[in-house]
$ cat data_18.pdb   # PDB, C-alpha atoms and all ligand atoms
ATOM      1  CA  MET A   1      31.784   5.097 -74.589  1.00  0.00           C
ATOM      2  CA  VAL A   2      33.608   3.392 -71.708  1.00  0.00           C
ATOM      3  CA  TYR A   3      32.012  -0.007 -72.238  1.00  0.00           C
ATOM      4  CA  LYS A   4      33.189  -1.818 -75.368  1.00  0.00           C
ATOM      5  CA  ASN A   5      32.353  -5.404 -74.541  1.00  0.00           C
ATOM      6  CA  ILE A   6      28.910  -5.790 -73.056  1.00  0.00           C
ATOM      7  CA  LEU A   7      27.307  -8.999 -71.894  1.00  0.00           C
ATOM      8  CA  VAL A   8      23.517  -9.210 -71.837  1.00  0.00           C
ATOM      9  CA  ALA A   9      22.126 -12.091 -69.762  1.00  0.00           C
ATOM     10  CA  TYR A  10      18.985 -13.066 -71.616  1.00  0.00           C
ATOM     11  CA  ASP A  11      16.088 -15.327 -70.633  1.00  0.00           C
ATOM     12  CA  LYS A  12      13.416 -13.978 -73.044  1.00  0.00           C
ATOM     13  CA  SER A  13      11.625 -12.154 -70.210  1.00  0.00           C
ATOM     14  CA  GLU A  14      10.390  -8.573 -70.506  1.00  0.00           C
ATOM     15  CA  PRO A  15      13.059  -7.221 -68.095  1.00  0.00           C
ATOM     16  CA  ALA A  16      15.711  -9.056 -70.174  1.00  0.00           C
ATOM     17  CA  ASN A  17      14.352  -7.317 -73.294  1.00  0.00           C
ATOM     18  CA  HIS A  18      14.774  -4.018 -71.450  1.00  0.00           C
ATOM     19  CA  ALA A  19      18.317  -5.027 -70.521  1.00  0.00           C
ATOM     20  CA  LEU A  20      19.078  -5.667 -74.198  1.00  0.00           C
ATOM     21  CA  GLU A  21      17.615  -2.278 -75.143  1.00  0.00           C
ATOM     22  CA  ALA A  22      19.773  -0.588 -72.496  1.00  0.00           C
ATOM     23  CA  ALA A  23      22.884  -2.378 -73.803  1.00  0.00           C
ATOM     24  CA  LEU A  24      22.089  -1.267 -77.350  1.00  0.00           C
ATOM     25  CA  GLU A  25      21.860   2.314 -76.115  1.00  0.00           C
ATOM     26  CA  LEU A  26      25.241   1.970 -74.410  1.00  0.00           C
ATOM     27  CA  VAL A  27      26.949   0.991 -77.679  1.00  0.00           C
ATOM     28  CA  GLU A  28      25.014   3.355 -79.931  1.00  0.00           C
ATOM     29  CA  GLY A  29      27.304   5.406 -82.144  1.00  0.00           C
ATOM     30  CA  ASP A  30      30.327   3.226 -81.336  1.00  0.00           C
ATOM     31  CA  PRO A  31      30.646   0.554 -84.045  1.00  0.00           C
ATOM     32  CA  GLU A  32      33.642  -0.995 -82.260  1.00  0.00           C
ATOM     33  CA  ALA A  33      31.600  -1.822 -79.184  1.00  0.00           C
ATOM     34  CA  LYS A  34      30.076  -5.307 -79.012  1.00  0.00           C
ATOM     35  CA  VAL A  35      27.041  -6.779 -77.315  1.00  0.00           C
ATOM     36  CA  ASN A  36      27.175 -10.519 -76.472  1.00  0.00           C
ATOM     37  CA  VAL A  37      23.757 -11.884 -75.662  1.00  0.00           C
ATOM     38  CA  VAL A  38      23.929 -15.129 -73.688  1.00  0.00           C
ATOM     39  CA  SER A  39      21.202 -17.494 -72.616  1.00  0.00           C
ATOM     40  CA  VAL A  40      22.179 -20.158 -70.092  1.00  0.00           C
ATOM     41  CA  LEU A  41      20.662 -23.637 -70.083  1.00  0.00           C
ATOM     42  CA  THR A  42      21.114 -25.324 -66.756  1.00  0.00           C
ATOM     43  CA  SER A  43      20.535 -29.035 -67.022  1.00  0.00           C
ATOM     44  CA  MET A  44      20.288 -31.943 -69.384  1.00  0.00           C
ATOM     45  CA  GLU A  45      16.668 -32.245 -68.341  1.00  0.00           C
ATOM     46  CA  GLU A  46      16.064 -28.821 -69.816  1.00  0.00           C
ATOM     47  CA  ALA A  47      17.975 -29.869 -72.909  1.00  0.00           C
ATOM     48  CA  TYR A  48      15.865 -33.017 -73.341  1.00  0.00           C
ATOM     49  CA  SER A  49      12.676 -31.032 -73.284  1.00  0.00           C
ATOM     50  CA  PHE A  50      13.845 -29.269 -76.450  1.00  0.00           C
ATOM     51  CA  THR A  51      14.989 -32.332 -78.379  1.00  0.00           C
ATOM     52  CA  GLY A  52      12.481 -35.027 -77.650  1.00  0.00           C
ATOM     53  CA  PHE A  53      15.338 -37.327 -76.535  1.00  0.00           C
ATOM     54  CA  GLY A  54      13.737 -37.335 -73.093  1.00  0.00           C
ATOM     55  CA  SER A  55      11.322 -40.173 -73.778  1.00  0.00           C
ATOM     56  CA  GLY A  56      14.279 -42.541 -74.160  1.00  0.00           C
ATOM     57  CA  LEU A  57      15.422 -41.960 -70.612  1.00  0.00           C
ATOM     58  CA  SER A  58      14.173 -44.015 -67.726  1.00  0.00           C
ATOM     59  CA  SER A  59      14.424 -42.791 -64.167  1.00  0.00           C
ATOM     60  CA  GLU A  60      16.756 -45.734 -63.443  1.00  0.00           C
ATOM     61  CA  THR A  61      19.354 -44.849 -66.064  1.00  0.00           C
ATOM     62  CA  GLY A  62      19.142 -41.051 -65.727  1.00  0.00           C
ATOM     63  CA  SER A  63      21.533 -38.620 -67.372  1.00  0.00           C
ATOM     64  CA  ALA A  64      24.552 -40.032 -65.526  1.00  0.00           C
ATOM     65  CA  ALA A  65      24.334 -43.168 -67.647  1.00  0.00           C
ATOM     66  CA  LEU A  66      24.693 -41.215 -70.865  1.00  0.00           C
ATOM     67  CA  ASP A  67      28.144 -41.050 -72.353  1.00  0.00           C
ATOM     68  CA  TYR A  68      29.883 -37.776 -73.104  1.00  0.00           C
ATOM     69  CA  GLU A  69      29.395 -38.017 -76.840  1.00  0.00           C
ATOM     70  CA  THR A  70      25.645 -38.396 -76.475  1.00  0.00           C
ATOM     71  CA  ILE A  71      25.484 -35.451 -74.135  1.00  0.00           C
ATOM     72  CA  ALA A  72      27.637 -33.354 -76.445  1.00  0.00           C
ATOM     73  CA  ALA A  73      25.415 -34.284 -79.398  1.00  0.00           C
ATOM     74  CA  ILE A  74      22.272 -33.321 -77.498  1.00  0.00           C
ATOM     75  CA  GLU A  75      23.826 -30.065 -76.340  1.00  0.00           C
ATOM     76  CA  ASP A  76      24.856 -29.285 -79.906  1.00  0.00           C
ATOM     77  CA  THR A  77      21.348 -29.899 -81.227  1.00  0.00           C
ATOM     78  CA  VAL A  78      19.792 -27.811 -78.486  1.00  0.00           C
ATOM     79  CA  ALA A  79      22.319 -25.011 -78.775  1.00  0.00           C
ATOM     80  CA  THR A  80      21.782 -24.698 -82.536  1.00  0.00           C
ATOM     81  CA  ARG A  81      18.022 -24.694 -82.193  1.00  0.00           C
ATOM     82  CA  GLN A  82      17.939 -22.308 -79.271  1.00  0.00           C
ATOM     83  CA  LYS A  83      20.435 -20.002 -80.903  1.00  0.00           C
ATOM     84  CA  ASP A  84      18.242 -19.760 -84.005  1.00  0.00           C
ATOM     85  CA  GLU A  85      15.182 -19.043 -81.918  1.00  0.00           C
ATOM     86  CA  LEU A  86      17.010 -16.460 -79.859  1.00  0.00           C
ATOM     87  CA  THR A  87      18.451 -14.780 -82.934  1.00  0.00           C
ATOM     88  CA  LYS A  88      14.928 -14.462 -84.336  1.00  0.00           C
ATOM     89  CA  LYS A  89      13.548 -13.133 -81.078  1.00  0.00           C
ATOM     90  CA  ILE A  90      16.194 -10.485 -80.538  1.00  0.00           C
ATOM     91  CA  GLY A  91      16.071  -9.618 -84.236  1.00  0.00           C
ATOM     92  CA  THR A  92      12.802  -7.851 -83.498  1.00  0.00           C
ATOM     93  CA  ILE A  93      14.540  -5.706 -80.864  1.00  0.00           C
ATOM     94  CA  VAL A  94      17.914  -4.958 -82.469  1.00  0.00           C
ATOM     95  CA  PRO A  95      17.707  -2.170 -85.083  1.00  0.00           C
ATOM     96  CA  ALA A  96      19.140  -3.022 -88.518  1.00  0.00           C
ATOM     97  CA  ASP A  97      22.082  -0.657 -88.163  1.00  0.00           C
ATOM     98  CA  GLN A  98      23.188  -2.342 -84.907  1.00  0.00           C
ATOM     99  CA  LYS A  99      22.886  -5.982 -86.051  1.00  0.00           C
ATOM    100  CA  ASP A 100      26.626  -6.303 -86.721  1.00  0.00           C
ATOM    101  CA  GLN A 101      27.411  -5.378 -83.136  1.00  0.00           C
ATOM    102  CA  VAL A 102      25.322  -8.135 -81.592  1.00  0.00           C
ATOM    103  CA  THR A 103      26.171 -11.841 -81.180  1.00  0.00           C
ATOM    104  CA  VAL A 104      24.064 -14.555 -79.599  1.00  0.00           C
ATOM    105  CA  ASP A 105      25.281 -17.587 -77.624  1.00  0.00           C
ATOM    106  CA  ILE A 106      23.872 -20.498 -75.689  1.00  0.00           C
ATOM    107  CA  GLU A 107      25.879 -21.552 -72.641  1.00  0.00           C
ATOM    108  CA  PHE A 108      25.472 -24.775 -70.660  1.00  0.00           C
ATOM    109  CA  ALA A 109      26.232 -24.455 -66.953  1.00  0.00           C
ATOM    110  CA  PRO A 110      25.190 -25.878 -63.587  1.00  0.00           C
ATOM    111  CA  SER A 111      23.177 -22.711 -62.864  1.00  0.00           C
ATOM    112  CA  PRO A 112      22.170 -19.579 -64.808  1.00  0.00           C
ATOM    113  CA  ALA A 113      24.294 -17.363 -62.562  1.00  0.00           C
ATOM    114  CA  ALA A 114      27.350 -19.629 -62.912  1.00  0.00           C
ATOM    115  CA  GLY A 115      26.865 -19.611 -66.685  1.00  0.00           C
ATOM    116  CA  VAL A 116      26.603 -15.829 -66.871  1.00  0.00           C
ATOM    117  CA  LEU A 117      29.723 -15.395 -64.728  1.00  0.00           C
ATOM    118  CA  SER A 118      31.839 -17.945 -66.617  1.00  0.00           C
ATOM    119  CA  TYR A 119      30.717 -16.554 -69.968  1.00  0.00           C
ATOM    120  CA  ALA A 120      31.665 -13.016 -68.843  1.00  0.00           C
ATOM    121  CA  GLU A 121      35.121 -14.259 -67.912  1.00  0.00           C
ATOM    122  CA  LYS A 122      35.521 -16.187 -71.161  1.00  0.00           C
ATOM    123  CA  LYS A 123      34.549 -13.165 -73.271  1.00  0.00           C
ATOM    124  CA  GLY A 124      36.433 -10.617 -71.177  1.00  0.00           C
ATOM    125  CA  SER A 125      33.208  -8.625 -70.795  1.00  0.00           C
ATOM    126  CA  ASP A 126      33.508  -5.236 -69.122  1.00  0.00           C
ATOM    127  CA  ILE A 127      29.918  -4.955 -67.930  1.00  0.00           C
ATOM    128  CA  ILE A 128      26.972  -7.322 -67.408  1.00  0.00           C
ATOM    129  CA  VAL A 129      23.496  -6.009 -68.205  1.00  0.00           C
ATOM    130  CA  MET A 130      20.489  -7.971 -66.969  1.00  0.00           C
ATOM    131  CA  GLY A 131      16.859  -7.682 -65.940  1.00  0.00           C
ATOM    132  CA  ASN A 132      15.754  -7.324 -62.319  1.00  0.00           C
ATOM    133  CA  ARG A 133      13.355 -10.252 -62.731  1.00  0.00           C
ATOM    134  CA  GLY A 134      13.005 -13.057 -65.205  1.00  0.00           C
ATOM    135  CA  LEU A 135      10.625 -15.798 -66.179  1.00  0.00           C
ATOM    136  CA  GLY A 136      10.363 -17.098 -62.606  1.00  0.00           C
ATOM    137  CA  ALA A 137       8.364 -15.916 -59.629  1.00  0.00           C
ATOM    138  CA  LEU A 138       6.709 -12.539 -59.919  1.00  0.00           C
ATOM    139  CA  ARG A 139       7.120 -11.218 -56.390  1.00  0.00           C
ATOM    140  CA  GLY A 140       9.993  -9.156 -55.073  1.00  0.00           C
ATOM    141  CA  LEU A 141      12.411  -6.719 -56.618  1.00  0.00           C
ATOM    142  CA  LEU A 142      15.268  -8.985 -57.595  1.00  0.00           C
ATOM    143  CA  GLY A 143      15.389 -12.539 -58.944  1.00  0.00           C
ATOM    144  CA  SER A 144      17.915 -15.071 -57.696  1.00  0.00           C
ATOM    145  CA  VAL A 145      20.005 -14.967 -60.873  1.00  0.00           C
ATOM    146  CA  SER A 146      20.342 -11.165 -60.749  1.00  0.00           C
ATOM    147  CA  PHE A 147      21.107 -11.349 -57.050  1.00  0.00           C
ATOM    148  CA  THR A 148      23.836 -13.966 -57.397  1.00  0.00           C
ATOM    149  CA  VAL A 149      25.479 -12.306 -60.402  1.00  0.00           C
ATOM    150  CA  LEU A 150      25.376  -8.893 -58.695  1.00  0.00           C
ATOM    151  CA  ARG A 151      26.955 -10.352 -55.573  1.00  0.00           C
ATOM    152  CA  SER A 152      29.676 -12.373 -57.316  1.00  0.00           C
ATOM    153  CA  ALA A 153      30.648 -10.519 -60.499  1.00  0.00           C
ATOM    154  CA  PRO A 154      34.092  -8.881 -60.527  1.00  0.00           C
ATOM    155  CA  ILE A 155      32.838  -6.312 -63.083  1.00  0.00           C
ATOM    156  CA  PRO A 156      30.000  -3.723 -63.026  1.00  0.00           C
ATOM    157  CA  VAL A 157      26.447  -5.073 -63.261  1.00  0.00           C
ATOM    158  CA  LEU A 158      23.618  -2.957 -64.679  1.00  0.00           C
ATOM    159  CA  ILE A 159      20.200  -4.189 -63.540  1.00  0.00           C
ATOM    160  CA  VAL A 160      17.334  -2.972 -65.694  1.00  0.00           C
ATOM    161  CA  LYS A 161      13.641  -3.027 -64.713  1.00  0.00           C
TER     162      LYS A 161
HETATM  163  P1  LIG B 201      13.948 -16.728 -60.053  1.00  0.00           P
HETATM  164  O1  LIG B 201      14.649 -17.305 -61.260  1.00  0.00           O
HETATM  165  O2  LIG B 201      14.856 -16.480 -58.908  1.00  0.00           O
HETATM  166  O3  LIG B 201      12.717 -17.475 -59.714  1.00  0.00           O
HETATM  167  P2  LIG B 201      13.221 -14.537 -61.819  1.00  0.00           P
HETATM  168  O4  LIG B 201      13.156 -15.533 -62.930  1.00  0.00           O
HETATM  169  O5  LIG B 201      12.112 -13.553 -61.707  1.00  0.00           O
HETATM  170  O6  LIG B 201      13.405 -15.263 -60.414  1.00  0.00           O
HETATM  171  P3  LIG B 201      15.984 -14.071 -62.481  1.00  0.00           P
HETATM  172  O7  LIG B 201      15.986 -15.457 -62.984  1.00  0.00           O
HETATM  173  O8  LIG B 201      16.992 -13.649 -61.453  1.00  0.00           O
HETATM  174  O9  LIG B 201      14.533 -13.660 -61.933  1.00  0.00           O
HETATM  175  O10 LIG B 201      16.113 -13.142 -63.756  1.00  0.00           O
HETATM  176  C1  LIG B 201      16.708 -11.866 -63.708  1.00  0.00           C
HETATM  177  C2  LIG B 201      17.526 -11.657 -64.958  1.00  0.00           C
HETATM  178  O11 LIG B 201      18.578 -12.618 -64.976  1.00  0.00           O
HETATM  179  C3  LIG B 201      16.797 -11.851 -66.268  1.00  0.00           C
HETATM  180  O12 LIG B 201      16.090 -10.677 -66.679  1.00  0.00           O
HETATM  181  C4  LIG B 201      17.958 -12.151 -67.199  1.00  0.00           C
HETATM  182  O13 LIG B 201      18.648 -10.943 -67.506  1.00  0.00           O
HETATM  183  C5  LIG B 201      18.880 -12.984 -66.301  1.00  0.00           C
HETATM  184  N1  LIG B 201      18.659 -14.424 -66.468  1.00  0.00           N
HETATM  185  C6  LIG B 201      17.811 -15.218 -65.767  1.00  0.00           C
HETATM  186  N2  LIG B 201      17.885 -16.485 -66.176  1.00  0.00           N
HETATM  187  C7  LIG B 201      18.812 -16.515 -67.179  1.00  0.00           C
HETATM  188  C8  LIG B 201      19.356 -17.540 -68.025  1.00  0.00           C
HETATM  189  N3  LIG B 201      18.955 -18.812 -67.933  1.00  0.00           N
HETATM  190  N4  LIG B 201      20.282 -17.182 -68.932  1.00  0.00           N
HETATM  191  C9  LIG B 201      20.701 -15.911 -69.050  1.00  0.00           C
HETATM  192  N5  LIG B 201      20.229 -14.914 -68.277  1.00  0.00           N
HETATM  193  C10 LIG B 201      19.313 -15.198 -67.351  1.00  0.00           C
HETATM  194 MG    MG B 202      14.631 -16.957 -63.353  1.00  0.00          MG
END
$ encode --input "data_18.pdb" --output "structure tokens" --more "lines below"
Ligand code: ATP
Ligand code: MG
Amino acid sequence: MVYKNILVAYDKSEPANHALEAALELVEGDPEAKVNVVSVLTSMEEAYSFTGFGSGLSSETGSAALDYETIAAIEDTVATRQKDELTKKIGTIVPADQKDQVTVDIEFAPSPAAGVLSYAEKKGSDIIVMGNRGLGALRGLLGSVSFTVLRSAPIPVLIVK
């Protein structure tokens, strides 16, 4: 198979599940090929909602008042938790004989599209596979994350419905 290093942009939506299934088909029969599943978290606000740290924040202090170490600690906690959850969730989709080919990561970035693109660069991915829609609005063919990644990626993008 041409594609050895596949990135799946994953947001737990049904189209993202289909994207993962398509990626697994692409690497089937090629044990050297890898699938990196990445889920991007976009803001500290989102992070707080997963940790319960949020109640300690007033609107006056805001995230800007937090020091780097605190932010890093929160991101670590969230990443570990989310990674576990994601691993469980995709475990129901990935067949046992393909488990070794799949890794899961949480990426923090200013936007989901920016996170997907920077992660692809970091990993040297040779194709990005993603859903046409996600967890957001239900109208229209293409979500904003798919649109932005498709427009900006320097590598092929496979959009799965
Ligand atoms: P919008 O977000 O524009 O309201 P939407 O949620 O329907 O619309 P997108 O967010 O563009 O559509 O989702 C399309 C695909 O992009 C998803 O199936 C998934 O593959 C990927 N994606 C979306 N959000 C993330 C994210 N936070 N991390 C990783 N991949 C994502
Ligand atoms: Mg979305």
$ residues_near_ligand --input "data_18.pdb" --ligand "ligand LIG 201 (chain B)" --cutoff "9 Å" --atoms "all atoms listed in the file" --output "PyMOL selection string"
chain A and resi 8-20+37-42+106-107+111-113+115-116+129-149+159-161
$ closest_residue --input "data_18.pdb" --among "A:Asp100, A:Asp105, A:Asp126, A:Glu121" --to "Asp30 in chain A" --atoms "only C-alpha atoms"
A:Asp100
$ resolve_selection --input "data_18.pdb" --expression "the PyMOL selection byres (((chain A and resi 4) around 9) and not hetatm)" --output "compact mmCIF listing (two decimals) with C-alpha atoms, keeping the file's coordinate frame"
# COMPACT_ATOMS: atom_id res chain seq x y z
CA MET A 1 31.78 5.10 -74.59
CA VAL A 2 33.61 3.39 -71.71
CA TYR A 3 32.01 -0.01 -72.24
CA ASN A 5 32.35 -5.40 -74.54
CA ILE A 6 28.91 -5.79 -73.06
CA LEU A 26 25.24 1.97 -74.41
CA VAL A 27 26.95 0.99 -77.68
CA ASP A 30 30.33 3.23 -81.34
CA GLU A 32 33.64 -1.00 -82.26
CA ALA A 33 31.60 -1.82 -79.18
CA LYS A 34 30.08 -5.31 -79.01
CA VAL A 35 27.04 -6.78 -77.32
CA SER A 125 33.21 -8.62 -70.80
CA ASP A 126 33.51 -5.24 -69.12
CA ILE A 127 29.92 -4.96 -67.93
$ closest_residue --input "data_18.pdb" --among "A:Glu25, A:Phe108, A:Lys88, A:Leu158" --to "Ile74 in chain A" --atoms "all atoms listed in the file"
A:Phe108
$ closest_residue --input "data_18.pdb" --among "A:Glu21, A:Val104, A:Ala153, A:Asn36" --to "Thr80 in chain A" --atoms "all atoms listed in the file"
A:Val104
$ atom_distance --input "data_18.pdb" --atom1 "CA of Val157 in chain A" --atom2 "CA of Ala22 in chain A"
12.2 Å
$ atom_distance --input "data_18.pdb" --atom1 "CA of Asp84 in chain A" --atom2 "CA of Gln98 in chain A"
18.1 Å
$ atom_distance --input "data_18.pdb" --atom1 "CA of Thr77 in chain A" --atom2 "CA of Thr103 in chain A"
18.7 Å
